[in-house]
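As stored in target_36.tsv (TSV, C-alpha atoms):
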```tsv
chain	number	residue	atom	x	y	z
A	1	MET	CA	96.64	135.14	122.18
A	2	LEU	CA	97.44	131.56	121.21
A	3	ILE	CA	93.93	131.03	119.86
A	4	ASP	CA	94.18	134.22	117.80
A	5	SER	CA	97.54	133.14	116.41
A	6	LEU	CA	96.19	129.72	115.45
A	7	PHE	CA	93.15	131.33	113.85
A	8	ASN	CA	95.31	133.66	111.77
A	9	LEU	CA	97.56	130.78	110.78
A	10	LEU	CA	94.99	128.08	109.98
A	11	VAL	CA	91.59	129.67	109.39
A	12	ALA	CA	92.02	133.30	108.37
A	13	PRO	CA	93.50	132.53	104.92
A	14	PHE	CA	90.31	130.64	103.97
A	15	THR	CA	87.92	133.26	105.33
A	16	GLU	CA	89.72	136.22	103.78
A	17	PHE	CA	90.70	134.97	100.33
A	18	LEU	CA	88.49	133.40	97.67
A	19	PHE	CA	91.44	131.76	95.90
A	20	MET	CA	92.31	129.96	99.15
A	21	ARG	CA	88.80	128.55	99.40
A	22	ARG	CA	89.03	127.31	95.81
A	23	ALA	CA	92.42	125.76	96.53
A	24	LEU	CA	91.04	124.13	99.70
A	25	LEU	CA	88.22	122.45	97.78
A	26	ALA	CA	90.67	121.33	95.09
A	27	CYS	CA	93.00	119.77	97.67
A	28	ILE	CA	90.16	117.91	99.41
A	29	ALA	CA	88.82	116.63	96.08
A	30	LEU	CA	92.28	115.47	95.00
A	31	GLY	CA	92.70	113.68	98.32
A	32	LEU	CA	89.39	111.83	97.96
A	33	MET	CA	90.42	110.68	94.48
A	34	SER	CA	94.07	109.94	95.22
A	35	GLY	CA	93.35	107.64	98.19
A	36	PRO	CA	91.55	104.74	96.48
A	37	ILE	CA	93.43	105.06	93.18
A	38	GLY	CA	96.78	105.03	94.99
A	39	VAL	CA	95.79	102.01	97.09
A	40	LEU	CA	94.77	100.07	93.97
A	41	LEU	CA	98.03	101.00	92.23
A	42	VAL	CA	100.05	99.71	95.19
A	43	MET	CA	97.89	96.60	95.56
A	44	ARG	CA	98.30	95.79	91.85
A	45	ARG	CA	102.07	96.44	92.07
A	46	MET	CA	101.77	99.29	89.57
A	47	SER	CA	103.64	102.00	91.43
A	48	LEU	CA	106.05	102.41	88.52
A	49	ALA	CA	103.11	102.83	86.15
A	50	GLY	CA	101.82	105.71	88.26
A	51	ASP	CA	105.23	107.36	88.29
A	52	ALA	CA	105.62	106.90	84.54
A	53	ILE	CA	102.22	108.38	83.71
A	54	SER	CA	102.83	111.39	85.97
A	55	HIS	CA	105.94	112.21	83.93
A	56	ALA	CA	104.33	111.30	80.62
A	57	VAL	CA	101.87	114.21	80.80
A	58	LEU	CA	104.67	116.77	80.43
A	59	PRO	CA	105.19	116.68	76.62
A	60	GLY	CA	101.48	117.15	76.04
A	61	VAL	CA	101.36	120.00	78.54
A	62	ALA	CA	104.40	121.61	76.91
A	63	LEU	CA	102.99	121.40	73.38
A	64	ALA	CA	99.61	122.69	74.56
A	65	TYR	CA	101.39	125.60	76.26
A	66	MET	CA	103.18	126.44	72.99
A	67	ILE	CA	99.89	126.48	71.10
A	68	ALA	CA	97.40	127.96	73.58
A	69	GLY	CA	99.42	129.40	76.47
A	70	MET	CA	98.18	128.86	80.02
A	71	SER	CA	94.76	127.63	78.89
A	72	LEU	CA	93.62	124.95	81.34
A	73	PRO	CA	91.36	123.06	78.89
A	74	ALA	CA	94.19	122.93	76.33
A	75	LEU	CA	96.74	121.88	78.94
A	76	GLY	CA	94.41	119.19	80.27
A	77	LEU	CA	93.72	117.82	76.80
A	78	GLY	CA	97.43	117.79	75.97
A	79	ALA	CA	98.24	116.02	79.23
A	80	PHE	CA	95.55	113.38	78.65
A	81	ILE	CA	96.67	112.64	75.08
A	82	SER	CA	100.36	112.49	76.01
A	83	ALA	CA	99.87	110.17	79.02
A	84	THR	CA	97.49	107.93	77.09
A	85	VAL	CA	99.95	107.57	74.19
A	86	VAL	CA	102.78	106.58	76.55
A	87	ALA	CA	100.55	104.05	78.35
A	88	LEU	CA	99.40	102.50	75.05
A	89	LEU	CA	102.92	102.39	73.60
A	90	SER	CA	104.37	100.69	76.66
A	91	GLY	CA	101.52	98.18	76.67
A	92	ALA	CA	102.02	97.44	72.99
A	93	VAL	CA	105.77	96.93	73.43
A	94	SER	CA	105.22	94.48	76.30
A	95	GLN	CA	102.53	92.63	74.34
A	96	TYR	CA	104.36	92.23	71.04
A	97	THR	CA	107.96	91.88	72.27
A	98	SER	CA	109.73	90.01	75.03
A	99	GLN	CA	110.32	93.19	77.04
A	100	LYS	CA	108.35	93.48	80.27
A	101	GLU	CA	105.95	96.37	80.78
A	102	ASP	CA	107.89	97.96	83.63
A	103	ALA	CA	110.99	98.25	81.42
A	104	SER	CA	109.07	99.78	78.51
A	105	LEU	CA	107.29	102.17	80.88
A	106	ALA	CA	110.60	103.32	82.30
A	107	ALA	CA	112.01	103.92	78.83
A	108	PHE	CA	109.02	105.86	77.54
A	109	TYR	CA	108.51	108.02	80.63
A	110	ILE	CA	112.18	109.04	80.72
A	111	MET	CA	111.98	110.08	77.07
A	112	ALA	CA	108.69	111.87	77.67
A	113	LEU	CA	110.06	113.76	80.67
A	114	ALA	CA	113.17	114.86	78.79
A	115	LEU	CA	111.13	115.94	75.76
A	116	GLY	CA	108.69	117.93	77.87
A	117	VAL	CA	111.39	119.78	79.81
A	118	ALA	CA	113.23	120.57	76.57
A	119	ILE	CA	110.10	122.00	74.93
A	120	ILE	CA	109.16	124.12	77.94
A	121	SER	CA	112.71	125.39	78.41
A	122	MET	CA	112.77	126.66	74.83
A	123	GLN	CA	109.41	128.41	74.98
A	124	ALA	CA	108.55	129.40	78.55
A	125	ASN	CA	110.13	131.58	81.17
A	126	SER	CA	111.38	130.11	84.44
A	127	VAL	CA	108.23	131.04	86.38
A	128	ASN	CA	105.90	129.11	84.05
A	129	LEU	CA	108.35	126.19	84.00
A	130	ILE	CA	108.29	126.02	87.81
A	131	HIS	CA	104.48	126.15	87.86
A	132	LEU	CA	104.16	123.33	85.33
A	133	LEU	CA	106.75	121.13	87.02
A	134	PHE	CA	105.88	121.79	90.67
A	135	GLY	CA	102.32	123.12	90.59
A	136	ASN	CA	100.64	126.20	92.02
A	137	VAL	CA	97.49	125.37	93.94
A	138	LEU	CA	97.02	129.02	94.85
A	139	ALA	CA	96.42	129.81	91.17
A	140	VAL	CA	93.52	127.37	90.77
A	141	ASP	CA	90.60	129.27	89.23
A	142	ASP	CA	86.95	128.31	88.77
A	143	SER	CA	87.68	126.25	85.65
A	144	GLY	CA	90.53	124.44	87.40
A	145	LEU	CA	88.35	123.67	90.41
A	146	LEU	CA	85.55	122.44	88.13
A	147	LEU	CA	88.01	120.12	86.39
A	148	VAL	CA	89.29	118.65	89.66
A	149	VAL	CA	85.81	118.14	91.13
A	150	SER	CA	84.45	116.66	87.88
A	151	VAL	CA	87.34	114.20	87.50
A	152	THR	CA	87.07	113.22	91.17
A	153	SER	CA	83.34	112.56	90.89
A	154	LEU	CA	83.75	110.60	87.65
A	155	SER	CA	86.64	108.57	89.08
A	156	LEU	CA	84.83	107.60	92.29
A	157	LEU	CA	81.66	106.64	90.42
A	158	THR	CA	83.62	104.58	87.89
A	159	LEU	CA	85.62	102.85	90.63
A	160	ALA	CA	82.36	101.90	92.31
A	161	VAL	CA	81.22	100.21	89.09
A	162	ILE	CA	84.46	98.29	88.36
A	163	TRP	CA	85.44	97.71	92.01
A	164	ARG	CA	84.85	93.95	92.17
A	165	PRO	CA	86.68	92.96	88.95
A	166	LEU	CA	89.56	95.27	89.88
A	167	LEU	CA	89.94	93.63	93.27
A	168	MET	CA	89.65	90.14	91.83
A	169	ALA	CA	92.28	90.90	89.20
A	170	GLY	CA	94.55	92.39	91.86
A	171	PHE	CA	94.34	89.46	94.28
A	172	ASP	CA	94.06	86.70	91.68
A	173	PRO	CA	95.90	87.32	88.37
A	174	SER	CA	94.32	84.18	86.93
A	175	PHE	CA	91.05	86.16	86.95
A	176	LEU	CA	92.31	87.98	83.85
A	177	ILE	CA	92.62	84.66	82.06
A	178	GLN	CA	89.37	83.17	83.31
A	179	TYR	CA	87.31	86.33	82.68
A	180	GLY	CA	89.43	87.73	79.88
A	181	ASN	CA	87.37	90.55	78.42
A	182	LEU	CA	85.94	91.76	81.73
A	183	GLY	CA	89.34	91.70	83.43
A	184	ARG	CA	91.12	93.49	80.59
A	185	LEU	CA	88.35	96.07	80.29
A	186	SER	CA	88.42	96.88	84.01
A	187	SER	CA	92.22	97.21	83.93
A	188	LEU	CA	92.04	99.50	80.89
A	189	ILE	CA	89.40	101.69	82.52
A	190	PHE	CA	91.47	101.86	85.69
A	191	MET	CA	94.54	103.03	83.74
A	192	LEU	CA	92.42	105.74	82.11
A	193	LEU	CA	91.33	106.82	85.60
A	194	VAL	CA	94.98	107.06	86.62
A	195	VAL	CA	95.65	109.25	83.59
A	196	LEU	CA	92.67	111.45	84.47
A	197	ALA	CA	93.93	111.75	88.05
A	198	PHE	CA	97.21	113.18	86.82
A	199	VAL	CA	95.44	115.46	84.36
A	200	ALA	CA	93.35	116.86	87.22
A	201	SER	CA	96.28	117.29	89.59
A	202	PHE	CA	99.07	118.64	87.39
A	203	GLN	CA	98.03	122.29	87.86
A	204	THR	CA	97.90	121.87	91.63
A	205	LEU	CA	100.84	119.52	92.20
A	206	GLY	CA	102.86	119.85	89.00
A	207	THR	CA	103.85	117.07	86.64
A	208	LEU	CA	106.82	116.01	88.79
A	209	MET	CA	105.03	115.98	92.15
A	210	ALA	CA	101.59	114.59	91.26
A	211	VAL	CA	102.62	110.97	91.83
A	212	GLY	CA	103.51	111.77	95.45
A	213	LEU	CA	99.90	112.30	96.50
A	214	LEU	CA	98.96	108.93	95.00
A	215	MET	CA	101.79	106.78	96.36
A	216	LEU	CA	102.72	108.21	99.77
A	217	PRO	CA	99.25	108.15	101.42
A	218	ALA	CA	98.57	104.70	99.97
A	219	THR	CA	101.80	103.27	101.38
A	220	ALA	CA	101.31	105.06	104.69
A	221	ALA	CA	97.79	103.63	105.09
A	222	ARG	CA	99.21	100.09	105.11
A	223	PHE	CA	100.68	100.79	108.55
A	224	TRP	CA	97.21	101.47	109.99
A	225	THR	CA	94.86	98.84	108.52
A	226	LYS	CA	94.77	95.84	106.19
A	227	ASP	CA	91.12	96.04	105.16
A	228	ILE	CA	90.91	97.25	101.56
A	229	VAL	CA	88.05	99.68	102.22
A	230	GLY	CA	89.83	100.91	105.34
A	231	LEU	CA	93.01	101.37	103.31
A	232	CYS	CA	91.18	103.56	100.81
A	233	LEU	CA	89.57	105.66	103.55
A	234	VAL	CA	92.81	106.13	105.51
A	235	ALA	CA	94.75	106.94	102.34
A	236	ALA	CA	92.13	109.49	101.28
A	237	LEU	CA	92.25	111.09	104.73
A	238	ILE	CA	96.05	111.27	104.70
A	239	ALA	CA	96.00	112.69	101.16
A	240	ALA	CA	93.42	115.34	102.10
A	241	ILE	CA	95.34	116.34	105.24
A	242	SER	CA	98.54	116.52	103.20
A	243	GLY	CA	96.84	118.72	100.61
A	244	VAL	CA	95.35	121.18	103.10
A	245	THR	CA	98.51	121.37	105.24
A	246	GLY	CA	100.72	121.77	102.18
A	247	LEU	CA	98.37	124.48	100.93
A	248	LEU	CA	98.82	126.45	104.14
A	249	ILE	CA	102.59	126.01	104.01
A	250	SER	CA	102.61	127.18	100.41
A	251	PHE	CA	100.57	130.26	101.37
A	252	HIS	CA	102.60	131.27	104.41
A	253	VAL	CA	106.13	130.26	103.36
A	254	HIS	CA	105.80	131.05	99.62
A	255	VAL	CA	107.06	127.71	98.30
A	256	PRO	CA	105.60	125.80	95.33
A	257	SER	CA	102.49	123.93	96.38
A	258	GLY	CA	103.48	120.58	94.86
A	259	PRO	CA	106.65	120.04	96.91
A	260	ALA	CA	104.93	121.37	100.06
A	261	ILE	CA	102.04	118.92	99.75
A	262	VAL	CA	104.30	115.97	98.94
A	263	LEU	CA	106.66	116.80	101.83
A	264	VAL	CA	103.71	116.75	104.24
A	265	ALA	CA	102.58	113.42	102.77
A	266	GLY	CA	106.15	112.15	103.21
A	267	ALA	CA	106.20	113.27	106.84
A	268	LEU	CA	102.93	111.45	107.48
A	269	TYR	CA	104.37	108.35	105.82
A	270	VAL	CA	107.42	108.45	108.11
A	271	LEU	CA	105.14	108.99	111.12
A	272	SER	CA	103.03	106.00	110.08
A	273	LEU	CA	106.16	103.93	109.53
A	274	LEU	CA	107.34	104.71	113.06
A	275	ILE	CA	104.15	104.49	115.15
A	276	GLY	CA	101.44	102.96	112.93
A	277	ALA	CA	99.10	100.32	114.34
A	278	ARG	CA	100.31	97.59	111.95
A	279	GLU	CA	103.84	96.41	111.19
A	280	SER	CA	105.39	99.76	112.12
A	281	VAL	CA	108.76	100.17	113.82
A	282	TRP	CA	107.02	100.62	117.18
A	283	VAL	CA	104.79	97.54	116.77
A	284	THR	CA	107.74	95.43	115.63
A	285	PHE	CA	109.84	96.65	118.56
A	286	ARG	CA	107.11	95.85	121.10
A	287	ARG	CA	106.56	92.41	119.58
A	288	SER	CA	110.25	91.57	119.69
A	289	THR	CA	110.51	92.86	123.29
A	290	ARG	CA	107.59	90.71	124.44
A	291	HIS	CA	109.09	87.73	122.69
A	292	LYS	CA	112.41	88.19	124.47
A	293	LEU	CA	110.73	88.62	127.85
A	294	SER	CA	108.66	85.50	127.39
```
Entire entry expressed as structure tokens:
Amino acid sequence: MLIDSLFNLLVAPFTEFLFMRRALLACIALGLMSGPIGVLLVMRRMSLAGDAISHAVLPGVALAYMIAGMSLPALGLGAFISATVVALLSGAVSQYTSQKEDASLAAFYIMALALGVAIISMQANSVNLIHLLFGNVLAVDDSGLLLVVSVTSLSLLTLAVIWRPLLMAGFDPSFLIQYGNLGRLSSLIFMLLVVLAFVASFQTLGTLMAVGLLMLPATAARFWTKDIVGLCLVAALIAAISGVTGLLISFHVHVPSGPAIVLVAGALYVLSLLIGARESVWVTFRRSTRHKLS
């Protein structure tokens, strides 16, 4: 009886429904992409940049919705243009003024978020607004799955090419000065990959929740390993588990997929924080206990 219940809860949705199989593949692909990109964002101290770009896609999505409705290619193009414009504007402000990039990013993403919500609120009904803000992985169709898989493949291949300069620039900022063009080019390509990651994930996770699958698994992985490759693998695994588990919760409990996936990722972060193999609460407690006993 228990086995039958577990089968109906965990396996049956994927064997019975085609849209669940599409959503499963999309969640796994997003996890594989989110792991290494999130780790590099955290390593390069660019968490705010990821958050800003995730919000910056909303005006483009809103305008594309006004023009073409729920057309995924149009929404993806609008998201890409909007996020790229915000990233370029914030970079230009930090380069030509005394304001630091994190401050300009914060200013532009807040304006972009407000503009996007205002546009959608005027044109769309509440259901479409919820789907755009919080995602609906169960509605991923063949074109949506193709977009996610294509962006994931492109991102992983590109990361493999620019991996060494990215790591060198992350660990040694003077690399950007010593190898100016190569360092700047790798950083620019990486930011474009971040934009593409949000473009691929906004239908599944929503514009407000997409950053969660990048940041939470990456920060959770730091409690399990310190090797950079290991960090990427652990983060990808946590992201994939979060996506699949959140997908099942969304199916059974009828909640938006974005919050469900991010809540699972948050729970795994808290679990890693408490009992992880490195610098967790449990490891720190045991170390302090041994120190007192000795």
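Between atom CA of A:Ala49 and atom CA of A:Leu138 lies a distance of 28.3 Å.
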Among the residues A:Gly144, A:Gly230, A:Gly212, A:Pro13, the one that comes closest to A:Gly243 [using only C-alpha atoms]: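 Checking each of A:Gly144, A:Gly230, A:Gly212, A:Pro13 against A:Gly243, counting only C-alpha atoms, the winner is A:Gly212.
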Local residues around (82.3, 102.3, 84.1), at most 12 Å away, using only C-alpha atoms, as an MDAnalysis selection string: chainID A and resid 154:166 182 185:190 192:193
Can you pull out every residue within 9 Å of A:Met215, counting all atoms listed in the file, but drop anything in the same chain fewer than 3 positions away, and send it as a compact mmCIF listing (two decimals) with C-alpha atoms, in the frame of the given file?
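And here's out.txt as it stands now:
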```txt
# COMPACT_ATOMS: atom_id res chain seq x y z
CA SER A 34 94.07 109.94 95.22
CA GLY A 35 93.35 107.64 98.19
CA GLY A 38 96.78 105.03 94.99
CA VAL A 39 95.79 102.01 97.09
CA LEU A 41 98.03 101.00 92.23
CA VAL A 42 100.05 99.71 95.19
CA SER A 47 103.64 102.00 91.43
CA GLY A 50 101.82 105.71 88.26
CA ASP A 51 105.23 107.36 88.29
CA VAL A 211 102.62 110.97 91.83
CA GLY A 212 103.51 111.77 95.45
CA ALA A 218 98.57 104.70 99.97
CA THR A 219 101.80 103.27 101.38
CA ALA A 220 101.31 105.06 104.69
```
As lines of an AutoDock Vina configuration file: centre and edge lengths in Å, one decimal, of the axis-aligned box holding stretch 46-54 of chain A with 4 Å per side:
```
center_x = 103.9
center_y = 105.3
center_z = 87.6
size_x = 12.3
size_y = 20.1
size_z = 15.7
```
Point-to-point distance from atom CA of A:Leu237 to atom CA of A:Leu25, Å rounded to tenths: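 About the pair atom CA of A:Leu237 and atom CA of A:Leu25: they are 13.9 Å apart.
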Pick from A:Arg222, A:Arg44, A:Arg22, A:His55, whichever lies nearest to A:Leu146 using all atoms listed in the file: A:Arg22
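Here atom CA of A:Val234 is placed at a distance of 26.8 Å from atom CA of A:Ser288.
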Proximity to A:Val137 - best of A:Met191, A:Leu30, A:Leu40, A:Leu6, all atoms listed in the file: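 Between A:Met191, A:Leu30, A:Leu40, A:Leu6, the residue approaching A:Val137 most closely is A:Leu30.
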Sel. within 12 Å of pt (102.1, 115.1, 105.2), counting all atoms listed in the file, output as a count of residues only: 35
Distance criterion (all atoms listed in the file): nearest to A:Leu196 out of A:Val86, A:Ile53, A:Leu115, A:Ala92: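 Looking only at the distances to A:Leu196, the closest residue turns out to be A:Ile53.
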Using all atoms listed in the file: which of A:Ala83, A:Met122, A:Ala221, A:Ile228 has the shortest distance to A:Leu105: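 Counting all atoms listed in the file, the residue closest to A:Leu105 is A:Ala83.
Using all atoms listed in the file, the protein and nucleic acid residues lying no more than 8 Å from A:Ala277, apart from those fewer than 3 places from it along its own chain, are A:Phe223, A:Trp224, A:Thr225, A:Ser280, A:Val283.
For the set A:Ser257, A:Ser5, A:Gln203, A:Thr152, the residue with the smallest atom-to-atom gap to A:Ala79 is A:Gln203, counting only C-alpha atoms.
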